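Colleague: One file: target_15.txt (compact mmCIF, C-alpha atoms and all ligand atoms).
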# COMPACT_ATOMS: atom_id res chain seq x y z
CA MET A 211 7.48 -22.01 41.99
CA HIS A 212 5.54 -25.09 40.91
CA ASP A 213 6.85 -28.53 41.64
CA PRO A 214 8.58 -30.15 38.66
CA GLU A 215 5.82 -32.72 38.19
CA THR A 216 3.04 -30.11 37.86
CA LEU A 217 5.17 -28.12 35.46
CA ALA A 218 5.90 -31.23 33.37
CA GLN A 219 2.14 -31.91 33.16
CA LEU A 220 1.45 -28.35 32.05
CA LEU A 221 4.20 -28.50 29.42
CA SER A 222 2.94 -31.79 28.04
CA ALA A 223 -0.67 -30.47 27.93
CA ILE A 224 0.61 -27.42 26.03
CA ARG A 225 2.56 -29.60 23.60
CA ARG A 226 -0.46 -31.76 22.85
CA PHE A 227 -2.73 -28.73 22.41
CA VAL A 228 -0.28 -27.00 20.08
CA ASN A 229 0.25 -30.11 17.95
CA GLU A 230 -3.36 -31.21 17.77
CA ARG A 231 -5.31 -27.95 17.76
CA LEU A 232 -3.18 -24.95 16.85
CA ILE A 233 -0.71 -26.09 14.20
CA PRO A 234 -3.60 -27.34 12.00
CA LEU A 235 -5.19 -23.86 12.26
CA GLU A 236 -2.12 -21.88 11.22
CA ALA A 237 -2.98 -21.43 7.53
CA LYS A 238 -6.55 -20.46 8.40
CA ILE A 239 -5.65 -17.76 10.90
CA ALA A 240 -3.15 -16.31 8.43
CA GLU A 241 -5.86 -16.25 5.77
CA ASP A 242 -8.62 -14.85 8.01
CA ASP A 243 -6.40 -12.57 10.11
CA ALA A 244 -8.35 -13.87 13.10
CA ILE A 245 -8.16 -16.65 15.68
CA PRO A 246 -11.38 -18.71 15.88
CA ALA A 247 -13.44 -18.24 19.05
CA ASP A 248 -13.25 -21.92 20.02
CA ALA A 249 -9.44 -21.89 19.93
CA MET A 250 -9.48 -18.77 22.12
CA ALA A 251 -11.81 -20.49 24.57
CA GLU A 252 -9.52 -23.52 24.72
CA MET A 253 -6.50 -21.29 25.40
CA ARG A 254 -8.42 -19.65 28.25
CA ALA A 255 -9.41 -23.07 29.63
CA LEU A 256 -5.77 -24.20 29.61
CA GLY A 257 -4.93 -21.25 31.87
CA LEU A 258 -2.69 -19.55 29.32
CA PHE A 259 -4.04 -16.04 29.99
CA GLY A 260 -3.07 -16.35 33.63
CA LEU A 261 0.31 -18.11 33.45
CA SER A 262 2.10 -15.30 35.28
CA ILE A 263 -0.77 -14.03 37.46
CA PRO A 264 -0.34 -14.95 41.14
CA GLU A 265 -2.37 -17.94 42.31
CA ALA A 266 -4.08 -15.76 44.94
CA PHE A 267 -5.79 -13.97 42.04
CA GLY A 268 -6.71 -17.07 40.05
CA GLY A 269 -3.62 -17.42 37.85
CA LEU A 270 -1.11 -20.26 37.61
CA GLY A 271 1.55 -18.14 39.34
CA LEU A 272 4.46 -19.43 37.26
CA SER A 273 7.95 -18.23 38.06
CA MET A 274 9.80 -16.41 35.28
CA GLU A 275 11.78 -19.56 34.53
CA ASP A 276 8.65 -21.69 34.26
CA GLU A 277 6.89 -19.07 32.13
CA CYS A 278 9.86 -19.13 29.75
CA ARG A 279 9.73 -22.93 29.64
CA ALA A 280 6.00 -22.73 28.86
CA MET A 281 6.80 -20.37 25.96
CA PHE A 282 9.58 -22.63 24.62
CA GLU A 283 6.84 -25.26 24.32
CA PHE A 284 3.85 -23.14 23.27
CA CYS A 285 5.60 -21.09 20.62
CA ARG A 286 6.14 -24.02 18.29
CA CYS A 287 3.09 -22.60 16.49
CA SER A 288 2.35 -19.34 14.67
CA PRO A 289 3.29 -16.47 16.99
CA ALA A 290 -0.17 -14.88 16.60
CA PHE A 291 -1.58 -17.50 18.98
CA ARG A 292 0.83 -16.39 21.71
CA SER A 293 0.02 -12.76 21.03
CA SER A 294 -3.64 -13.34 21.87
CA PHE A 295 -2.75 -13.97 25.53
CA GLY A 296 0.76 -12.50 25.57
CA THR A 297 -0.31 -9.08 26.82
CA ASN A 298 -2.24 -10.67 29.71
CA VAL A 299 0.81 -12.69 30.72
CA GLY A 300 3.33 -9.92 30.14
CA ILE A 301 3.29 -6.23 29.34
CA GLY A 302 -0.46 -5.72 29.85
CA SER A 303 -0.61 -7.16 33.36
CA GLN A 304 2.80 -6.93 34.97
CA GLY A 305 2.66 -3.23 35.84
CA LEU A 306 -0.41 -4.11 37.90
CA VAL A 307 1.16 -7.26 39.38
CA MET A 308 4.39 -5.47 40.38
CA PHE A 309 3.10 -1.99 41.30
CA GLY A 310 -0.68 -2.23 41.80
CA ASP A 311 -2.30 -1.71 45.19
CA ASP A 312 -4.58 -4.35 46.73
CA ALA A 313 -7.79 -2.76 45.50
CA GLN A 314 -6.49 -2.55 41.92
CA LYS A 315 -5.27 -6.14 41.98
CA LYS A 316 -8.55 -7.50 43.40
CA ARG A 317 -10.53 -5.58 40.83
CA TRP A 318 -8.70 -6.69 37.72
CA LEU A 319 -6.30 -9.60 38.20
CA PRO A 320 -8.89 -12.41 38.46
CA GLY A 321 -10.46 -11.37 35.12
CA ILE A 322 -7.02 -11.06 33.54
CA ALA A 323 -6.06 -14.53 34.77
CA SER A 324 -9.22 -16.10 33.32
CA GLY A 325 -8.89 -14.19 30.05
CA GLU A 326 -12.25 -12.49 30.51
CA ILE A 327 -10.32 -9.21 30.59
CA VAL A 328 -7.82 -8.69 27.78
CA THR A 329 -5.08 -6.20 28.60
CA SER A 330 -2.95 -3.94 26.48
CA PHE A 331 0.17 -1.81 27.10
CA ALA A 332 -0.02 1.71 25.68
CA LEU A 333 3.45 3.27 25.66
CA THR A 334 4.44 3.87 22.02
CA GLU A 335 3.34 7.08 20.29
CA PRO A 336 3.84 8.48 16.80
CA GLU A 337 6.75 10.60 18.12
CA ALA A 338 7.87 8.28 20.94
CA GLY A 339 8.96 4.83 19.75
CA SER A 340 12.49 3.85 20.78
CA ASP A 341 12.65 7.19 22.62
CA SER A 342 9.83 6.11 24.87
CA ALA A 343 10.63 8.63 27.65
CA SER A 344 9.37 11.42 25.41
CA VAL A 345 5.67 10.46 25.53
CA ARG A 346 3.36 13.41 24.85
CA THR A 347 0.00 11.96 25.88
CA LYS A 348 -0.90 14.14 28.81
CA ALA A 349 -2.73 13.39 32.03
CA GLU A 350 -3.90 16.54 33.80
CA ARG A 351 -5.10 16.31 37.36
CA ASP A 352 -8.64 17.61 37.92
CA GLY A 353 -9.88 16.96 41.44
CA GLY A 354 -10.21 13.21 41.97
CA GLU A 355 -9.52 12.45 38.32
CA TYR A 356 -6.90 12.73 35.61
CA VAL A 357 -7.90 13.87 32.13
CA LEU A 358 -5.99 11.96 29.43
CA THR A 359 -5.48 13.32 25.94
CA GLY A 360 -3.15 11.98 23.28
CA ALA A 361 -2.46 9.26 20.75
CA LYS A 362 -0.76 5.87 20.97
CA CYS A 363 0.17 3.63 18.05
CA TYR A 364 1.06 0.00 17.24
CA ILE A 365 -0.73 -1.12 20.41
CA THR A 366 -1.02 -4.91 20.53
CA ASN A 367 -4.52 -6.25 21.27
CA ALA A 368 -5.95 -2.72 21.52
CA ASN A 369 -9.06 -3.78 19.60
CA ARG A 370 -9.81 -6.60 22.08
CA ALA A 371 -8.61 -4.92 25.26
CA SER A 372 -10.85 -4.04 28.15
CA LEU A 373 -7.96 -2.63 30.21
CA PHE A 374 -5.02 -0.50 29.10
CA THR A 375 -1.89 0.38 31.03
CA VAL A 376 -1.26 3.88 29.68
CA MET A 377 1.92 5.89 30.14
CA ALA A 378 1.10 9.62 30.10
CA ARG A 379 2.86 12.84 31.08
CA THR A 380 1.56 14.26 34.36
CA ASP A 381 4.21 16.96 34.62
CA PRO A 382 4.63 18.97 31.41
CA ASN A 383 7.53 20.89 32.95
CA VAL A 384 9.64 17.76 33.40
CA LYS A 385 11.15 16.42 30.21
CA GLY A 386 11.91 12.73 29.89
CA GLY A 387 10.78 9.79 31.97
CA ALA A 388 10.49 11.58 35.32
CA GLY A 389 7.38 13.49 34.15
CA VAL A 390 5.52 10.31 33.17
CA SER A 391 2.95 8.35 35.20
CA ALA A 392 1.18 5.04 34.54
CA PHE A 393 -2.60 4.55 34.59
CA LEU A 394 -4.99 1.61 34.48
CA VAL A 395 -7.58 2.71 31.94
CA PRO A 396 -10.72 0.65 31.22
CA SER A 397 -11.36 0.74 27.48
CA ASP A 398 -15.04 1.64 27.86
CA LEU A 399 -14.37 5.09 29.32
CA PRO A 400 -15.86 7.91 27.19
CA GLY A 401 -13.33 9.54 24.86
CA ILE A 402 -11.36 6.43 23.89
CA SER A 403 -11.34 5.42 20.25
CA ILE A 404 -9.49 2.53 18.67
CA GLY A 405 -8.22 2.50 15.08
CA LYS A 406 -8.61 -0.36 12.63
CA PRO A 407 -6.07 -3.19 12.94
CA GLU A 408 -2.99 -2.34 10.84
CA LYS A 409 -2.18 -4.45 7.79
CA LYS A 410 1.14 -6.05 8.62
CA MET A 411 4.03 -7.97 7.07
CA GLY A 412 3.30 -11.04 9.19
CA GLN A 413 1.72 -12.41 12.38
CA GLN A 414 -1.78 -12.28 10.88
CA GLY A 415 -4.29 -13.06 13.61
CA ALA A 416 -2.44 -10.75 16.02
CA HIS A 417 -3.63 -7.16 15.90
CA ILE A 418 -2.06 -3.77 16.51
CA CYS A 419 -4.03 -0.52 16.40
CA ASP A 420 -3.86 3.19 17.16
CA VAL A 421 -5.56 4.33 20.35
CA HIS A 422 -6.81 7.91 20.83
CA PHE A 423 -7.61 9.49 24.16
CA ASP A 424 -9.80 12.58 23.96
CA GLN A 425 -10.36 14.13 27.39
CA VAL A 426 -10.70 10.70 28.99
CA ARG A 427 -11.51 11.07 32.69
CA VAL A 428 -9.67 8.44 34.72
CA PRO A 429 -10.19 8.17 38.51
CA ALA A 430 -7.02 9.06 40.44
CA GLY A 431 -7.31 5.65 42.13
CA ASN A 432 -6.39 4.08 38.79
CA ARG A 433 -2.87 5.52 38.85
CA LEU A 434 -0.23 2.81 39.15
CA GLY A 435 2.41 3.72 41.70
CA GLU A 436 3.35 7.32 42.36
CA GLU A 437 3.21 10.30 40.02
CA GLY A 438 6.41 10.37 37.97
CA GLN A 439 7.06 6.64 38.42
CA GLY A 440 5.39 5.58 35.16
CA PHE A 441 8.44 5.43 32.94
CA ARG A 442 10.37 3.29 35.40
CA ILE A 443 7.35 1.02 35.76
CA ALA A 444 7.27 0.66 31.97
CA MET A 445 10.98 -0.15 31.86
CA GLN A 446 10.64 -2.84 34.52
CA VAL A 447 7.66 -4.31 32.72
CA LEU A 448 9.79 -4.37 29.56
CA ASP A 449 12.77 -6.00 31.32
CA ARG A 450 10.46 -8.87 32.10
CA GLY A 451 8.71 -8.73 28.73
CA ARG A 452 12.04 -9.05 26.94
CA LEU A 453 12.71 -12.37 28.64
CA HIS A 454 9.25 -13.54 27.64
CA ILE A 455 9.73 -12.52 23.99
CA SER A 456 13.16 -14.18 23.95
CA SER A 457 11.59 -17.47 24.96
CA VAL A 458 8.95 -17.00 22.24
CA CYS A 459 11.84 -16.75 19.75
CA VAL A 460 13.27 -20.05 21.00
CA GLY A 461 9.88 -21.78 20.64
CA VAL A 462 9.52 -20.61 17.03
CA ALA A 463 13.13 -21.60 16.29
CA GLU A 464 12.42 -25.09 17.64
CA ARG A 465 9.51 -25.45 15.24
CA LEU A 466 11.58 -24.27 12.28
CA ILE A 467 14.39 -26.65 13.21
CA GLU A 468 11.94 -29.57 13.45
CA GLU A 469 10.51 -28.66 10.03
CA SER A 470 14.00 -28.28 8.54
CA VAL A 471 15.20 -31.64 9.87
CA ARG A 472 12.07 -33.39 8.63
CA TYR A 473 12.28 -31.86 5.17
CA ALA A 474 16.01 -32.46 4.85
CA GLY A 475 15.37 -36.13 5.65
CA GLU A 476 12.53 -36.51 3.13
CA ARG A 477 13.58 -34.43 0.16
CA LYS A 478 15.95 -36.19 -2.24
CA GLN A 479 18.34 -34.56 -4.71
CA PHE A 480 21.20 -36.20 -6.59
CA GLY A 481 19.71 -39.50 -5.37
CA GLN A 482 20.19 -38.73 -1.69
CA PRO A 483 18.26 -36.96 1.07
CA LEU A 484 19.24 -33.31 1.51
CA ALA A 485 20.32 -34.21 5.05
CA SER A 486 23.27 -36.19 3.69
CA PHE A 487 24.87 -33.05 2.21
CA GLN A 488 27.34 -31.37 4.49
CA MET A 489 26.29 -27.84 3.53
CA ILE A 490 22.74 -28.67 4.69
CA GLN A 491 24.10 -30.35 7.82
CA ALA A 492 26.07 -27.21 8.63
CA MET A 493 22.91 -25.10 8.46
CA LEU A 494 21.04 -27.50 10.73
CA ALA A 495 23.94 -27.62 13.18
CA ASP A 496 24.23 -23.83 13.32
CA SER A 497 20.50 -23.49 13.99
CA ARG A 498 20.56 -26.10 16.75
CA THR A 499 23.64 -24.55 18.39
CA GLU A 500 22.18 -21.05 18.37
CA ALA A 501 18.76 -22.14 19.66
CA ASN A 502 20.42 -24.06 22.50
CA ALA A 503 22.57 -21.04 23.34
CA ALA A 504 19.50 -18.77 23.47
CA ARG A 505 17.63 -21.25 25.63
CA ALA A 506 20.50 -21.49 28.10
CA MET A 507 20.95 -17.74 28.44
CA ILE A 508 17.20 -17.21 28.93
CA VAL A 509 16.97 -19.84 31.68
CA ASP A 510 20.01 -18.30 33.38
CA ALA A 511 18.53 -14.78 33.24
CA ALA A 512 15.06 -15.97 34.31
CA ARG A 513 16.57 -17.69 37.36
CA LYS A 514 18.34 -14.46 38.28
CA ARG A 515 15.05 -12.57 38.02
CA ASP A 516 13.33 -15.22 40.16
CA ALA A 517 16.06 -14.60 42.73
CA SER A 518 15.09 -10.87 42.66
CA GLU A 519 18.28 -9.77 40.89
CA SER A 520 18.15 -6.92 38.38
CA VAL A 521 18.16 -8.40 34.87
CA THR A 522 18.03 -5.24 32.78
CA MET A 523 21.25 -6.18 30.99
CA GLU A 524 20.61 -9.93 30.90
CA ALA A 525 17.08 -9.51 29.48
CA ALA A 526 18.42 -7.16 26.79
CA CYS A 527 21.18 -9.68 25.92
CA CYS A 528 18.56 -12.43 25.61
CA LYS A 529 16.19 -10.31 23.50
CA LEU A 530 19.02 -9.21 21.21
CA PHE A 531 20.46 -12.69 20.72
CA ALA A 532 17.22 -14.69 20.58
CA SER A 533 15.41 -12.37 18.15
CA GLU A 534 18.39 -12.25 15.79
CA MET A 535 18.93 -15.99 16.21
CA VAL A 536 15.38 -16.87 15.12
CA GLY A 537 15.80 -14.60 12.08
CA ARG A 538 18.85 -16.63 11.03
CA VAL A 539 17.08 -19.92 11.76
CA ALA A 540 14.09 -18.85 9.64
CA ASP A 541 16.40 -17.75 6.84
CA ARG A 542 18.17 -21.15 6.86
CA ALA A 543 14.80 -22.93 6.91
CA VAL A 544 13.79 -21.08 3.73
CA GLN A 545 17.13 -22.03 2.19
CA ILE A 546 16.81 -25.71 3.12
CA PHE A 547 13.26 -25.86 1.78
CA GLY A 548 14.42 -24.06 -1.39
CA GLY A 549 11.54 -23.33 -3.77
CA ALA A 550 9.14 -24.94 -1.29
CA GLY A 551 10.34 -22.47 1.33
CA TYR A 552 9.41 -19.55 -0.88
CA VAL A 553 5.88 -20.64 -1.80
CA ALA A 554 3.10 -20.29 0.73
CA ASP A 555 1.95 -23.92 1.01
CA HIS A 556 4.60 -25.09 3.46
CA GLY A 557 4.22 -22.12 5.78
CA ILE A 558 7.98 -21.52 6.03
CA GLU A 559 7.84 -18.15 4.26
CA ARG A 560 5.05 -17.20 6.68
CA PHE A 561 7.30 -17.86 9.68
CA TYR A 562 10.10 -15.96 7.93
CA ARG A 563 7.82 -12.90 7.81
CA ASP A 564 6.42 -13.51 11.31
CA VAL A 565 9.80 -13.56 13.05
CA ARG A 566 10.91 -10.23 11.60
CA LEU A 567 8.84 -8.46 14.23
CA PHE A 568 10.89 -9.90 17.10
CA ARG A 569 13.83 -7.64 16.23
CA ILE A 570 11.59 -4.60 16.43
CA TYR A 571 8.99 -4.72 19.20
CA GLU A 572 9.57 -4.54 22.96
CA GLY A 573 12.77 -2.70 22.09
CA ALA A 574 14.56 -2.94 18.74
CA SER A 575 17.96 -4.66 18.54
CA GLU A 576 19.61 -1.23 18.51
CA ILE A 577 17.92 -0.35 21.82
CA GLN A 578 18.96 -3.68 23.36
CA ARG A 579 22.59 -2.94 22.43
CA LEU A 580 22.26 0.52 23.95
CA VAL A 581 20.76 -0.89 27.18
CA ILE A 582 23.47 -3.58 27.39
CA ALA A 583 26.32 -1.11 26.86
CA ARG A 584 24.91 1.37 29.41
CA GLU A 585 24.56 -1.38 32.02
CA MET A 586 28.11 -2.55 31.28
CA MET A 587 29.40 0.95 31.98
CA LYS A 588 27.46 1.03 35.26
CA ARG A 589 28.59 -2.43 36.33
CA GLY A 590 32.12 -2.07 35.05
CA ALA A 591 31.91 -5.20 32.88
N1 LIG A 601 14.54 -0.53 35.36
C1 LIG A 601 14.38 0.46 36.27
N2 LIG A 601 14.60 1.77 35.99
C2 LIG A 601 15.00 2.07 34.75
C3 LIG A 601 15.18 1.09 33.75
C4 LIG A 601 14.95 -0.25 34.10
N3 LIG A 601 15.10 -1.23 33.21
N4 LIG A 601 15.58 1.70 32.62
C5 LIG A 601 15.65 3.01 32.87
N5 LIG A 601 15.28 3.24 34.17
C6 LIG A 601 15.27 4.52 34.87
C7 LIG A 601 16.67 5.10 34.88
O1 LIG A 601 17.40 4.63 35.99
C8 LIG A 601 16.40 6.58 34.95
O2 LIG A 601 16.11 6.91 36.30
P1 LIG A 601 16.77 8.24 36.96
O3 LIG A 601 16.19 9.37 36.18
O4 LIG A 601 16.32 8.17 38.38
O5 LIG A 601 18.25 8.10 36.77
C9 LIG A 601 15.11 6.75 34.17
O6 LIG A 601 14.48 5.46 34.15
C10 LIG A 601 15.34 7.21 32.75
O7 LIG A 601 16.17 6.24 32.13
P2 LIG A 601 17.17 6.58 30.96
O8 LIG A 601 17.92 7.84 31.30
O9 LIG A 601 17.97 5.37 30.67
O10 LIG A 601 16.15 6.91 29.76
P3 LIG A 601 16.50 7.17 28.24
O11 LIG A 601 15.39 7.97 27.72
O12 LIG A 601 17.89 7.67 28.06
O13 LIG A 601 16.53 5.72 27.54
C11 LIG A 601 15.65 3.64 26.74
C12 LIG A 601 15.70 4.71 27.81
C13 LIG A 601 16.11 4.07 25.37
C14 LIG A 601 16.47 2.47 27.21
C15 LIG A 601 14.15 3.33 26.74
O14 LIG A 601 13.42 4.44 26.27
C16 LIG A 601 13.75 2.11 25.96
O15 LIG A 601 13.86 0.98 26.45
N6 LIG A 601 13.24 2.34 24.73
C17 LIG A 601 12.61 1.28 23.97
C18 LIG A 601 11.18 1.21 24.35
C19 LIG A 601 10.55 -0.05 23.91
O16 LIG A 601 11.00 -1.14 24.21
N7 LIG A 601 9.46 0.13 23.20
C20 LIG A 601 8.74 -0.99 22.71
C21 LIG A 601 7.33 -0.66 22.74
S1 LIG A 601 6.51 -1.30 24.07
S2 LIG A 601 5.94 -3.02 23.33
Take the structure from the file and write it as structure tokens.
Ligand code: COS
Modeller:
Amino acid sequence: MHDPETLAQLLSAIRRFVNERLIPLEAKIAEDDAIPADAMAEMRALGLFGLSIPEAFGGLGLSMEDECRAMFEFCRCSPAFRSSFGTNVGIGSQGLVMFGDDAQKKRWLPGIASGEIVTSFALTEPEAGSDSASVRTKAERDGGEYVLTGAKCYITNANRASLFTVMARTDPNVKGGAGVSAFLVPSDLPGISIGKPEKKMGQQGAHICDVHFDQVRVPAGNRLGEEGQGFRIAMQVLDRGRLHISSVCVGVAERLIEESVRYAGERKQFGQPLASFQMIQAMLADSRTEANAARAMIVDAARKRDASESVTMEAACCKLFASEMVGRVADRAVQIFGGAGYVADHGIERFYRDVRLFRIYEGASEIQRLVIAREMMKRGA
């Protein structure tokens, strides 16, 4: 855990960077569907790719709580910026951080921390989305190697990745998660092909692609953990990832609330600012209350995780509430902006489209409810 002063300095550097450099680029990255190279370099220089990587491997080694606080601050800009380093901080690196052996960590973590290596998490398949235990990509042992064959889809940062964490079935006779193992797969191995970035509803500048593995020979030393442990590794990576995404939702909500308050103060109707009308005030108050509630539950869950408690249920509660909360906040922002919220110039409709993804990826709201209810049955409350 960093001392409070160092963390405060990091948060204020992030705030300045977001305000001065990234917010002015938002319209351009949406238009170009790409983040300019100089902005990427500045994000690397700020240490953003290595926020969660242990200091021993060149990262900033933030605790879960501090990482969430960094996201509350950073995500006041278009979520595509976060996505560019989000896999390195979260789902693309944490299998390695939590379950990698020393040799694997020494080989890859320093490059991940600096952003020289971009990582990607390859779990989802055409027939295995919410039902992620049913992955069909197979990994057959052949001497000192595994041979991977199969297809993954909607894989964030696949087109920029140099290292994938791939979940593949090592035991075809075992159905479900117990037959699945996790592998660290460099993207330059022969037999890997990456599809074109998908055209999406929002989050332009962040890319998702198909990935195909055709007889890809992966050294056995690249397996993460034991054979058959891959699904559980993926679930633990996602427990953590869900806290991260929840804090992203809070950051975006903060931005939309700031924009809504500013606009409601400036825009006059019936001779008065919108902010003087109680129906507008009620929308602002609801957004503030819900964002504060999400923030508080995320900090509480992150502290529990930092204290090595299981947060499967808590992370799912946060992901469910925060992703739905930011959808409501974005909807109110469009309503407060009125016609200006619907046209592209103000960027509010762009955020409205961007935030829709939060209720889908890293476990849809329906899956979060399922995880929460199952954990409640186990815990008895
Ligand atoms: N931490 C540790 N272990 C876990 C776990 C967790 N969070 N969640 C499940 N496991 C373990 C279970 O304990 C079980 O182990 P045993 O076989 O030893 O009992 C095993 O993994 C299988 O779990 P389960 O029976 O719950 O699997 P199901 O297939 O029924 O359901 C869900 C799993 C639906 C919860 C899971 O597939 C899921 O989260 N789906 C959404 C995936 C997702 O988020 N995709 C987004 C794409 S990645 S960006």
Colleague: May I ask for the distance between atom CA of Ala503 of chain A and atom CA of Tyr562 of chain A, given in Å to one decimal place?
Modeller: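 Computed distance, atom CA of Ala503 of chain A to atom CA of Tyr562 of chain A, equals 20.5 Å.
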Colleague: Return the single residue from A:His556, A:Arg351, A:Lys362, A:Arg450 that is closest to Ala525 of chain A, with distances computed using all atoms listed in the file.
Modeller: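 When distances to Ala525 of chain A are compared using all atoms listed in the file, the smallest one comes from A:Arg450.
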Colleague: Could you pull out the residues sitting within 6 Å of ligand LIG 601 (chain A), using only C-alpha atoms and all ligand atoms, and write them as a ChimeraX atom specification?
Modeller: /A:333-334,339-343,387,442,445-446,449,522,571-573,577,581
Colleague: Quick one: residues within 7 Å of segment 414-416 of chain A, only C-alpha atoms counted, chain neighbours fewer than 5 positions away excluded, as a short mmCIF file (atom, residue, chain, number, x, y, z; two decimals) with C-alpha atoms, in the frame of the given file?
Modeller:
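Written file, selection.cif:
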data_model
loop_
_atom_site.label_atom_id
_atom_site.label_comp_id
_atom_site.auth_asym_id
_atom_site.auth_seq_id
_atom_site.Cartn_x
_atom_site.Cartn_y
_atom_site.Cartn_z
CA ILE A 239 -5.65 -17.76 10.90
CA ALA A 240 -3.15 -16.31 8.43
CA ASP A 243 -6.40 -12.57 10.11
CA ALA A 244 -8.35 -13.87 13.10
CA ILE A 245 -8.16 -16.65 15.68
CA ALA A 290 -0.17 -14.88 16.60
CA SER A 293 0.02 -12.76 21.03
CA SER A 294 -3.64 -13.34 21.87
#
Colleague: Residues proximal to (6.8, -21.4, 38.6) were defined as those with any atom within 10 Å of that point in the file's coordinates, counting only C-alpha atoms. Which are they, as a list in words?
Modeller: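 Here the neighbourhood of the point contains Met211, His212, Asp213, Pro214, Thr216, Leu217, Leu261, Ser262, Pro264, Leu270, Gly271, Leu272, Ser273, Met274, Glu275, Asp276, Glu277, Cys278, Arg279, Ala280 and Asp516 of chain A.
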Colleague: Please indicate the distance in Å from atom CA of Ala368 of chain A to atom CA of Ser330 of chain A, rounded to one decimal place.
Modeller: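 Distance reported for this atom pair: 5.9 Å.
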Colleague: So, with only C-alpha atoms as the atoms that count, which of A:Ala474, A:Ile546, A:Cys419, A:Val328 lies closest to Pro396 of chain A?
Modeller: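 Of the candidates, the smallest distance to Pro396 of chain A is held by A:Val328.
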Colleague: Work out how far apart atom CA of Gln413 of chain A and atom CA of Ala332 of chain A are and give it in Å to one decimal.
Modeller: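 Distance between the two atoms: 19.5 Å.
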Colleague: Could you tell me which of A:Leu232, A:Val565, A:Ile418, A:Leu484 comes closest to Lys406 of chain A if we count only C-alpha atoms?
Modeller: A:Ile418
Colleague: Determine the nearest neighbour of Phe441 of chain A from the options A:Met377, A:Leu399, A:Met489, A:Ile404, counting all atoms listed in the file.
Modeller: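 Of all the options, A:Met377 lies closest to Phe441 of chain A.
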Colleague: Excluding Val521 of chain A and its own-chain neighbours fewer than 4 positions away, which residues fall within 12 Å of it when counting all atoms listed in the file? Please give them as a PyMOL selection string.
Modeller: chain A and resi 274+445-453+507-517+525-529+581-582+585
Colleague: Give me the residues within 12 Å of Arg560 of chain A as a count of residues only, counting all atoms listed in the file and dropping any in the same chain fewer than 4 places off.
Modeller: 30
Colleague: When distances are computed from all atoms listed in the file, which of A:Val460, A:Ala591, A:Ile327, A:Ile467 shows the smallest separation from Glu534 of chain A?
Modeller: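 Of A:Val460, A:Ala591, A:Ile327, A:Ile467, the one nearest Glu534 of chain A, counting all atoms listed in the file, is A:Val460.
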Colleague: Output as a PDB file, in the frame of the given file: segment 515-523 of chain A, completed with N, CA, C and O atoms.
Modeller:
ATOM      1  N   ARG A 515      16.217 -13.414  37.708  1.00  0.00           N
ATOM      2  CA  ARG A 515      15.050 -12.570  38.020  1.00  0.00           C
ATOM      3  C   ARG A 515      14.225 -13.206  39.131  1.00  0.00           C
ATOM      4  O   ARG A 515      13.745 -12.520  40.027  1.00  0.00           O
ATOM      5  N   ASP A 516      14.072 -14.522  39.086  1.00  0.00           N
ATOM      6  CA  ASP A 516      13.330 -15.220  40.160  1.00  0.00           C
ATOM      7  C   ASP A 516      14.007 -15.039  41.510  1.00  0.00           C
ATOM      8  O   ASP A 516      13.361 -15.121  42.549  1.00  0.00           O
ATOM      9  N   ALA A 517      15.317 -14.820  41.470  1.00  0.00           N
ATOM     10  CA  ALA A 517      16.060 -14.600  42.730  1.00  0.00           C
ATOM     11  C   ALA A 517      16.114 -13.098  43.061  1.00  0.00           C
ATOM     12  O   ALA A 517      16.945 -12.656  43.853  1.00  0.00           O
ATOM     13  N   SER A 518      15.226 -12.319  42.419  1.00  0.00           N
ATOM     14  CA  SER A 518      15.090 -10.870  42.660  1.00  0.00           C
ATOM     15  C   SER A 518      16.325 -10.058  42.291  1.00  0.00           C
ATOM     16  O   SER A 518      16.534  -8.977  42.822  1.00  0.00           O
ATOM     17  N   GLU A 519      17.144 -10.576  41.383  1.00  0.00           N
ATOM     18  CA  GLU A 519      18.280  -9.770  40.890  1.00  0.00           C
ATOM     19  C   GLU A 519      17.798  -8.882  39.738  1.00  0.00           C
ATOM     20  O   GLU A 519      16.850  -9.234  39.041  1.00  0.00           O
ATOM     21  N   SER A 520      18.479  -7.748  39.535  1.00  0.00           N
ATOM     22  CA  SER A 520      18.150  -6.920  38.380  1.00  0.00           C
ATOM     23  C   SER A 520      18.643  -7.653  37.116  1.00  0.00           C
ATOM     24  O   SER A 520      19.764  -8.156  37.080  1.00  0.00           O
ATOM     25  N   VAL A 521      17.770  -7.712  36.104  1.00  0.00           N
ATOM     26  CA  VAL A 521      18.160  -8.400  34.870  1.00  0.00           C
ATOM     27  C   VAL A 521      18.048  -7.484  33.659  1.00  0.00           C
ATOM     28  O   VAL A 521      17.878  -7.956  32.537  1.00  0.00           O
ATOM     29  N   THR A 522      18.156  -6.179  33.900  1.00  0.00           N
ATOM     30  CA  THR A 522      18.030  -5.240  32.780  1.00  0.00           C
ATOM     31  C   THR A 522      19.000  -5.615  31.654  1.00  0.00           C
ATOM     32  O   THR A 522      18.623  -5.716  30.485  1.00  0.00           O
ATOM     33  N   MET A 523      20.266  -5.856  32.013  1.00  0.00           N
ATOM     34  CA  MET A 523      21.250  -6.180  30.990  1.00  0.00           C
ATOM     35  C   MET A 523      21.021  -7.592  30.435  1.00  0.00           C
ATOM     36  O   MET A 523      21.049  -7.808  29.213  1.00  0.00           O
TER      37      MET A 523
END
